[in-house]
Amino acid sequence: MPSLLGPFVRCRLGAPLLVLWLVLAGFTCTGSEHTATATLPAAFSDLLPHFLVEPEDEYIVKNKPVTLTCRSTPATQIYFKCNGEWVHQDDHLIERTVDPATALPVMQVTIEITRQQVEKIFGLDEYWCQCVAWSTTGTQKSQKAYIRIAYLRKNFEEEPQGKEVALDQEVLLRCHPPEGVPQAEVEWQRNEDVIDPASDPNFFITADHNLIIKKARLADTGNYTCVAKNIVARRKSTSATVLIYVNGGWSTWTTWSSCSAVCGRGWQKRSRSCTNPTPLNGGTSCEGQNIQKSACVATCPVDGGWSEWSKWSACGADCSMWRSRECTQPSPGTGGKDCQGLDLQSLNCTSEQCPQSEKHTATDVALYVGMVAVALCLTLLLIVVVLVYRRKKEGLDADVADSSILTTGFQPMGIKPSKPENSHLLTIQPDLTTTTTSYQGTLRSRHDTTGKFSMTNGPLLDPLPNGSHTLHNGKLNPDPADFVSRLSTQSYFKTLPRDVANTSYGTFNFLGGRLTIPNTGISLLIPPEAIPRGKIYEIYLTVQRKEDLRLPLAGCQTLLSPVVSCGPPGVVLSRPVILSMDHCSDACLDNWAIRLKKQNYEGAWEDVLLMGEELVSEPYYCQLEAETCRLFSEQLGTFALVGESLHMGAAKRLRLVLFSDAYCSTLEYNIRVYCMDDTQDVFKEVMQMERQLGGRLIDEPHVLLFKDSYHNLRLSIHDMPQAHWRSKLLAGYQEIPFYHIWNGSQRYLHCTFTLERLSLSTCELTCQLCVWQVEGEGQSFSLDFNIFLLMDNNATALAGPSAFQIPYLIRQKICSSLDAPCPNGADWRMLAQRLKLERHMSFFASKASPTSVILDLWEAQHFHSGNINQLATVMADIGKQEAMIFLVSDGEC
């Protein structure tokens, strides 16, 4: 300590300028606060002190005191001040040294701060200390050091929760550590091992301490613990079990097995297993079939056959001639037998051509005469047989069409026709259902054979009246309903749907024609000469309804087109017809394996064509356009396009259509969003159904590309005016499962959003519909639309509160307020004037409650268009406090 230069002087706290003056004057202030001692070395009398070490922030752990250190040069004195008060001199530990580099004096002071000192002001302000150093030139203050009591509470504010997630999905585990000072650091453990995001980038710890597993792996299954720690303690949360499950996936199909038949029609099959991947940890098994069968035709062995003998050769010098034949009719193949017998034949010459022969003898002449006689006899016999055959043939109708292709129906009878020149058309009923029974037959020519065929049990239409047909643009005169009705009356077709709107038919001859089903994109073109001359066919075209479908789909297969029937099946065509129908694929054969399926006579479906591998020699050929498929077919029947996605780039075109209630007379209002295949026939069916429901189209249809990504379709409504509308859905969105859309057995699906008006006077809705494929690569978009609600003017009977704009309780209060006369005229008379009903004053005055009659008339005039707020404004203008009752809610009324 330096020597004192003067007497002790009393000084008070909080006067640093006085203290500095006293120090410079050579005085020492004594008391309960501190003592300052000063010397005046001439070497640094003109330097301000600067700090070599300043006090740092400290934390008191449990009851251990903390030490604060301060060092300054050059300094005559140095002391601490805590929370604005000087620390007593006795609590300082002062050391004096000399800096060897500069020869300047260095002073260092340390103090200890206890928990009790900090707790005295706990909750009022933070405890801080500051160092003050003096020199002969002036003073300097150090930075403030804050002393805090460290702690860490036991309970986590939020602990991680266990989850079950699919493979490759993102996992979020939340953790909010306990409150503590200093703030706790967080680390994550899996099965007691610390997770290091730097070494495993699949893990990520957010700034708010949550753990994210970017893509769940099987190895990520385990118990996860959130660990919080600071200088006081270390806390562990409860463990959260994360289970990573794997949904099963199909392996690739094996190659097709060999055909079951050695010769002719048979079956072959292929299989796959649910091992790509195998379901694990409760994952779902694969949906679909693991075995697939297909019809096949094995090439039959062909036995060889001899061709015709060649002509005899000229007679040779050895009096012999020869001829030959070849085994080429047909040539042996596929293991067939060779021809049996000789391929070369020789014969002795008997003519004069033989150089060694002599003149014919009498025996030779007799031989030739006998041969001529035999030939004459055979000729006469042949003539007799032909005459007998022609006579017997006269009793049969020569114009009956060949019935070789009829497999069921009728048998000819020996009854002669009454009028051969009269023409009746014998038709076959169209196969409008998907039953397993099919009819294969032909149509007779334009001659009457009603006497030859039994019409009682055969699956044929009755002859049309008057024995004739009139064609108008390829259509029959009768109503289409009559056609379906006639079909359904037959015992064979009791299950026919009476769906006239989706059926077209007509009678055609060799000139051809066209059948079209309106608003479906489906048509059948019958080219000229496709129907043989002399034949007239009654042909139909129909779309199968979804409830009649029996189309088996396996694995990733999906229906890409409507199921279309044209027939009758089995008719003879001279050239292919063209069947046009919509499809909903992206028309990229690199993404799809698209097959044309046809229903056979037994009702089973079989593949008849793989798109892109057509052969011109086959009876079917397809041209795939952007939205339409053109099928060239030499056979009529029931067809459909089925696609199997080759990878996740394949996409179906979906059409999203929005409908709402055409009229709204209640607080509830429904918006229906249809998700359907982008084909015209499904859109037509939905439009017909919505007409029956009384719906109206509120926006143009939108096309969505739905990808084969196994992710669902999510729909949600946003941006509704909260002051007038609210949603009645418990969840924020609705989802349509992926397989319901991709399978295609349901041609359209829909979600209904039920909204609620907060007032009957609300007649406009503005909102946004968001549609996207969850976590997939599919298209997503938002639809903004405005709806102006139409009140239902067609309701024939309304009972109760829904029949009135003014709630009953409000009506009673208005009547009690305005019925009583008021001197200034603020009664029912002013209400009638404001509502422009003063011409009926005398009528209102004659009633017991004039106000009630006025309100009745207002209700009658404004039920569908009235605004109850306008009536409330009129009440306010009259000066009645009852205007406020219009603000109550409908529930209170």
# chains A, B, ... in the order shown; residues from 1 in each chain; ligands from 1
call {"tool": "select_by_dssp", "arguments": {"residues": "region 152-323 of chain A", "states": "strand (DSSP E)", "output": "ChimeraX atom specification"}}
result
/A:152,163-166,171-173,180-181,185-190,193-194,203-205,211-213,222-229,234-236,240-245,264-271,291-298,320-323
call {"tool": "closest_residue", "arguments": {"among": "A:Leu541, A:Leu760, A:Leu835, A:Met371", "to": "Leu667 (chain A)", "atoms": "only C-alpha atoms"}}
result
A:Leu760
call {"tool": "atom_distance", "arguments": {"atom1": "CA of Met321 (chain A)", "atom2": "CA of Asp303 (chain A)"}}
result
29.7 Å
call {"tool": "residues_around", "arguments": {"residues": "Ile195 (chain A)", "least_positions_apart": "6", "cutoff": "10 Å", "atoms": "only C-alpha atoms", "output": "list in words"}}
result
Glu187, Trp188, Gln189, Phe203, Phe204, Ile205, Leu211 and Tyr224 of chain A
call {"tool": "residues_around", "arguments": {"residues": "Tyr146 (chain A)", "least_positions_apart": "4", "cutoff": "8 Å", "atoms": "only C-alpha atoms", "output": "PyMOL selection string"}}
result
chain A and resi 56-58+126-129
call {"tool": "write_last_selection", "arguments": {"atoms": "C-alpha atoms", "output": "short mmCIF file (atom, residue, chain, number, x, y, z; two decimals), in the first residue's frame"}}
result
data_model
loop_
_atom_site.label_atom_id
_atom_site.label_comp_id
_atom_site.auth_asym_id
_atom_site.auth_seq_id
_atom_site.Cartn_x
_atom_site.Cartn_y
_atom_site.Cartn_z
CA GLU A 56 -16.07 -11.69 -17.14
CA ASP A 57 -19.64 -13.00 -16.68
CA GLU A 58 -19.83 -15.81 -14.15
CA GLU A 126 -29.36 -8.77 -12.56
CA TYR A 127 -26.33 -8.65 -10.26
CA TRP A 128 -23.30 -6.98 -11.88
CA CYS A 129 -19.84 -5.77 -10.91
#
call {"tool": "closest_residue", "arguments": {"among": "A:Ser237, A:Thr137, A:Ser285, A:Ser846", "to": "Val186 (chain A)", "atoms": "only C-alpha atoms"}}
result
A:Ser237
call {"tool": "residues_around", "arguments": {"residues": "Asn202 (chain A)", "least_positions_apart": "2", "cutoff": "7 Å", "atoms": "only C-alpha atoms", "output": "list in words"}}
result
Asp200, Phe204, Ile213, Lys214 and Lys215 of chain A
call {"tool": "write_last_selection", "arguments": {"atoms": "N, CA, C and O atoms", "output": "PDB file, in the first residue's frame"}}
result
ATOM      1  N   ASP A 200     -23.180 -38.484 -39.687  1.00  0.00           N
ATOM      2  CA  ASP A 200     -24.329 -39.121 -40.373  1.00  0.00           C
ATOM      3  C   ASP A 200     -25.252 -38.018 -40.866  1.00  0.00           C
ATOM      4  O   ASP A 200     -26.106 -37.518 -40.131  1.00  0.00           O
ATOM      5  N   PHE A 204     -30.511 -34.436 -38.672  1.00  0.00           N
ATOM      6  CA  PHE A 204     -30.395 -32.986 -38.612  1.00  0.00           C
ATOM      7  C   PHE A 204     -31.074 -32.496 -37.346  1.00  0.00           C
ATOM      8  O   PHE A 204     -32.225 -32.872 -37.056  1.00  0.00           O
ATOM      9  N   ILE A 213     -35.060 -36.968 -38.994  1.00  0.00           N
ATOM     10  CA  ILE A 213     -34.470 -38.057 -39.775  1.00  0.00           C
ATOM     11  C   ILE A 213     -34.955 -37.853 -41.204  1.00  0.00           C
ATOM     12  O   ILE A 213     -36.143 -38.004 -41.495  1.00  0.00           O
ATOM     13  N   LYS A 214     -34.061 -37.495 -42.104  1.00  0.00           N
ATOM     14  CA  LYS A 214     -34.464 -37.070 -43.443  1.00  0.00           C
ATOM     15  C   LYS A 214     -35.140 -38.199 -44.209  1.00  0.00           C
ATOM     16  O   LYS A 214     -36.204 -38.010 -44.802  1.00  0.00           O
ATOM     17  N   LYS A 215     -34.556 -39.377 -44.228  1.00  0.00           N
ATOM     18  CA  LYS A 215     -35.137 -40.549 -44.882  1.00  0.00           C
ATOM     19  C   LYS A 215     -34.981 -41.734 -43.940  1.00  0.00           C
ATOM     20  O   LYS A 215     -33.859 -42.182 -43.680  1.00  0.00           O
TER      21      LYS A 215
END
call {"tool": "closest_residue", "arguments": {"among": "A:His724, A:Lys141, A:Arg714, A:Arg655", "to": "Phe738 (chain A)", "atoms": "only C-alpha atoms"}}
result
A:Arg714
call {"tool": "decode", "arguments": {"residues": "region 798-840 of chain A", "atoms": "N, CA and C atoms", "output": "short mmCIF file (atom, residue, chain, number, x, y, z; two decimals), in the first residue's frame"}}
result
data_model
loop_
_atom_site.label_atom_id
_atom_site.label_comp_id
_atom_site.auth_asym_id
_atom_site.auth_seq_id
_atom_site.Cartn_x
_atom_site.Cartn_y
_atom_site.Cartn_z
N LEU A 798 -92.35 -24.96 -46.75
CA LEU A 798 -91.35 -24.66 -45.74
C LEU A 798 -92.08 -24.45 -44.42
N ALA A 799 -91.58 -25.06 -43.36
CA ALA A 799 -92.24 -24.95 -42.07
C ALA A 799 -91.22 -24.50 -41.03
N GLY A 800 -91.69 -23.69 -40.07
CA GLY A 800 -90.82 -23.29 -38.99
C GLY A 800 -89.98 -22.07 -39.32
N PRO A 801 -88.89 -21.88 -38.59
CA PRO A 801 -88.05 -20.67 -38.75
C PRO A 801 -87.47 -20.50 -40.15
N SER A 802 -87.26 -21.60 -40.89
CA SER A 802 -86.67 -21.48 -42.22
C SER A 802 -87.57 -20.75 -43.20
N ALA A 803 -88.84 -20.55 -42.86
CA ALA A 803 -89.77 -19.88 -43.76
C ALA A 803 -89.72 -18.36 -43.63
N PHE A 804 -88.93 -17.83 -42.67
CA PHE A 804 -88.94 -16.40 -42.40
C PHE A 804 -87.51 -15.87 -42.34
N GLN A 805 -87.36 -14.60 -42.73
CA GLN A 805 -86.08 -13.93 -42.61
C GLN A 805 -85.85 -13.42 -41.19
N ILE A 806 -86.90 -12.93 -40.55
CA ILE A 806 -86.79 -12.33 -39.22
C ILE A 806 -87.01 -13.41 -38.17
N PRO A 807 -86.03 -13.66 -37.29
CA PRO A 807 -86.24 -14.64 -36.22
C PRO A 807 -87.42 -14.25 -35.35
N TYR A 808 -88.03 -15.25 -34.73
CA TYR A 808 -89.29 -15.06 -34.01
C TYR A 808 -89.13 -14.11 -32.82
N LEU A 809 -88.05 -14.27 -32.04
CA LEU A 809 -87.88 -13.42 -30.86
C LEU A 809 -87.68 -11.96 -31.26
N ILE A 810 -86.92 -11.74 -32.34
CA ILE A 810 -86.72 -10.37 -32.81
C ILE A 810 -88.04 -9.77 -33.28
N ARG A 811 -88.83 -10.57 -33.94
CA ARG A 811 -90.13 -10.09 -34.42
C ARG A 811 -91.01 -9.64 -33.25
N GLN A 812 -91.03 -10.42 -32.17
CA GLN A 812 -91.85 -10.05 -31.02
C GLN A 812 -91.38 -8.73 -30.40
N LYS A 813 -90.05 -8.54 -30.32
CA LYS A 813 -89.54 -7.31 -29.72
C LYS A 813 -89.86 -6.09 -30.58
N ILE A 814 -89.80 -6.27 -31.91
CA ILE A 814 -90.13 -5.15 -32.79
C ILE A 814 -91.61 -4.77 -32.64
N CYS A 815 -92.46 -5.78 -32.60
CA CYS A 815 -93.91 -5.50 -32.48
C CYS A 815 -94.24 -4.80 -31.16
N SER A 816 -93.66 -5.28 -30.05
CA SER A 816 -93.96 -4.66 -28.76
C SER A 816 -93.42 -3.24 -28.70
N SER A 817 -92.36 -2.94 -29.48
CA SER A 817 -91.78 -1.61 -29.44
C SER A 817 -92.53 -0.62 -30.32
N LEU A 818 -93.09 -1.05 -31.46
CA LEU A 818 -93.67 -0.13 -32.42
C LEU A 818 -95.19 -0.11 -32.43
N ASP A 819 -95.85 -1.11 -31.84
CA ASP A 819 -97.32 -1.11 -31.88
C ASP A 819 -97.89 0.05 -31.05
N ALA A 820 -97.28 0.37 -29.91
CA ALA A 820 -97.80 1.44 -29.05
C ALA A 820 -97.57 2.80 -29.73
N PRO A 821 -98.61 3.68 -29.80
CA PRO A 821 -98.45 5.00 -30.45
C PRO A 821 -97.39 5.82 -29.74
N CYS A 822 -96.66 6.60 -30.52
CA CYS A 822 -95.60 7.46 -29.98
C CYS A 822 -95.90 8.89 -30.40
N PRO A 823 -95.81 9.87 -29.47
CA PRO A 823 -96.17 11.26 -29.82
C PRO A 823 -95.37 11.81 -31.00
N ASN A 824 -94.12 11.49 -31.09
CA ASN A 824 -93.31 12.03 -32.19
C ASN A 824 -93.39 11.19 -33.46
N GLY A 825 -94.27 10.16 -33.47
CA GLY A 825 -94.49 9.36 -34.66
C GLY A 825 -93.49 8.25 -34.86
N ALA A 826 -92.62 7.98 -33.88
CA ALA A 826 -91.62 6.93 -34.00
C ALA A 826 -92.25 5.59 -33.64
N ASP A 827 -93.24 5.18 -34.43
CA ASP A 827 -93.93 3.92 -34.18
C ASP A 827 -94.11 3.19 -35.52
N TRP A 828 -95.13 2.36 -35.58
CA TRP A 828 -95.32 1.53 -36.79
C TRP A 828 -95.57 2.38 -38.03
N ARG A 829 -96.10 3.60 -37.82
CA ARG A 829 -96.36 4.46 -38.98
C ARG A 829 -95.04 4.88 -39.66
N MET A 830 -94.03 5.21 -38.85
CA MET A 830 -92.75 5.58 -39.45
C MET A 830 -92.09 4.36 -40.11
N LEU A 831 -92.30 3.17 -39.52
CA LEU A 831 -91.76 1.96 -40.14
C LEU A 831 -92.37 1.74 -41.52
N ALA A 832 -93.71 1.96 -41.63
CA ALA A 832 -94.36 1.79 -42.93
C ALA A 832 -93.85 2.81 -43.95
N GLN A 833 -93.61 4.04 -43.49
CA GLN A 833 -93.09 5.06 -44.41
C GLN A 833 -91.69 4.71 -44.89
N ARG A 834 -90.82 4.31 -43.96
CA ARG A 834 -89.45 3.98 -44.35
C ARG A 834 -89.39 2.78 -45.28
N LEU A 835 -90.36 1.88 -45.15
CA LEU A 835 -90.40 0.71 -46.03
C LEU A 835 -91.23 0.96 -47.28
N LYS A 836 -91.68 2.24 -47.45
CA LYS A 836 -92.48 2.64 -48.62
C LYS A 836 -93.78 1.86 -48.72
N LEU A 837 -94.45 1.72 -47.57
CA LEU A 837 -95.74 1.02 -47.51
C LEU A 837 -96.84 1.94 -46.97
N GLU A 838 -96.64 3.27 -47.09
CA GLU A 838 -97.61 4.19 -46.49
C GLU A 838 -98.97 4.15 -47.16
N ARG A 839 -99.07 3.67 -48.39
CA ARG A 839 -100.37 3.62 -49.07
C ARG A 839 -101.30 2.59 -48.43
N HIS A 840 -100.77 1.76 -47.55
CA HIS A 840 -101.60 0.76 -46.88
C HIS A 840 -101.83 1.12 -45.42
#
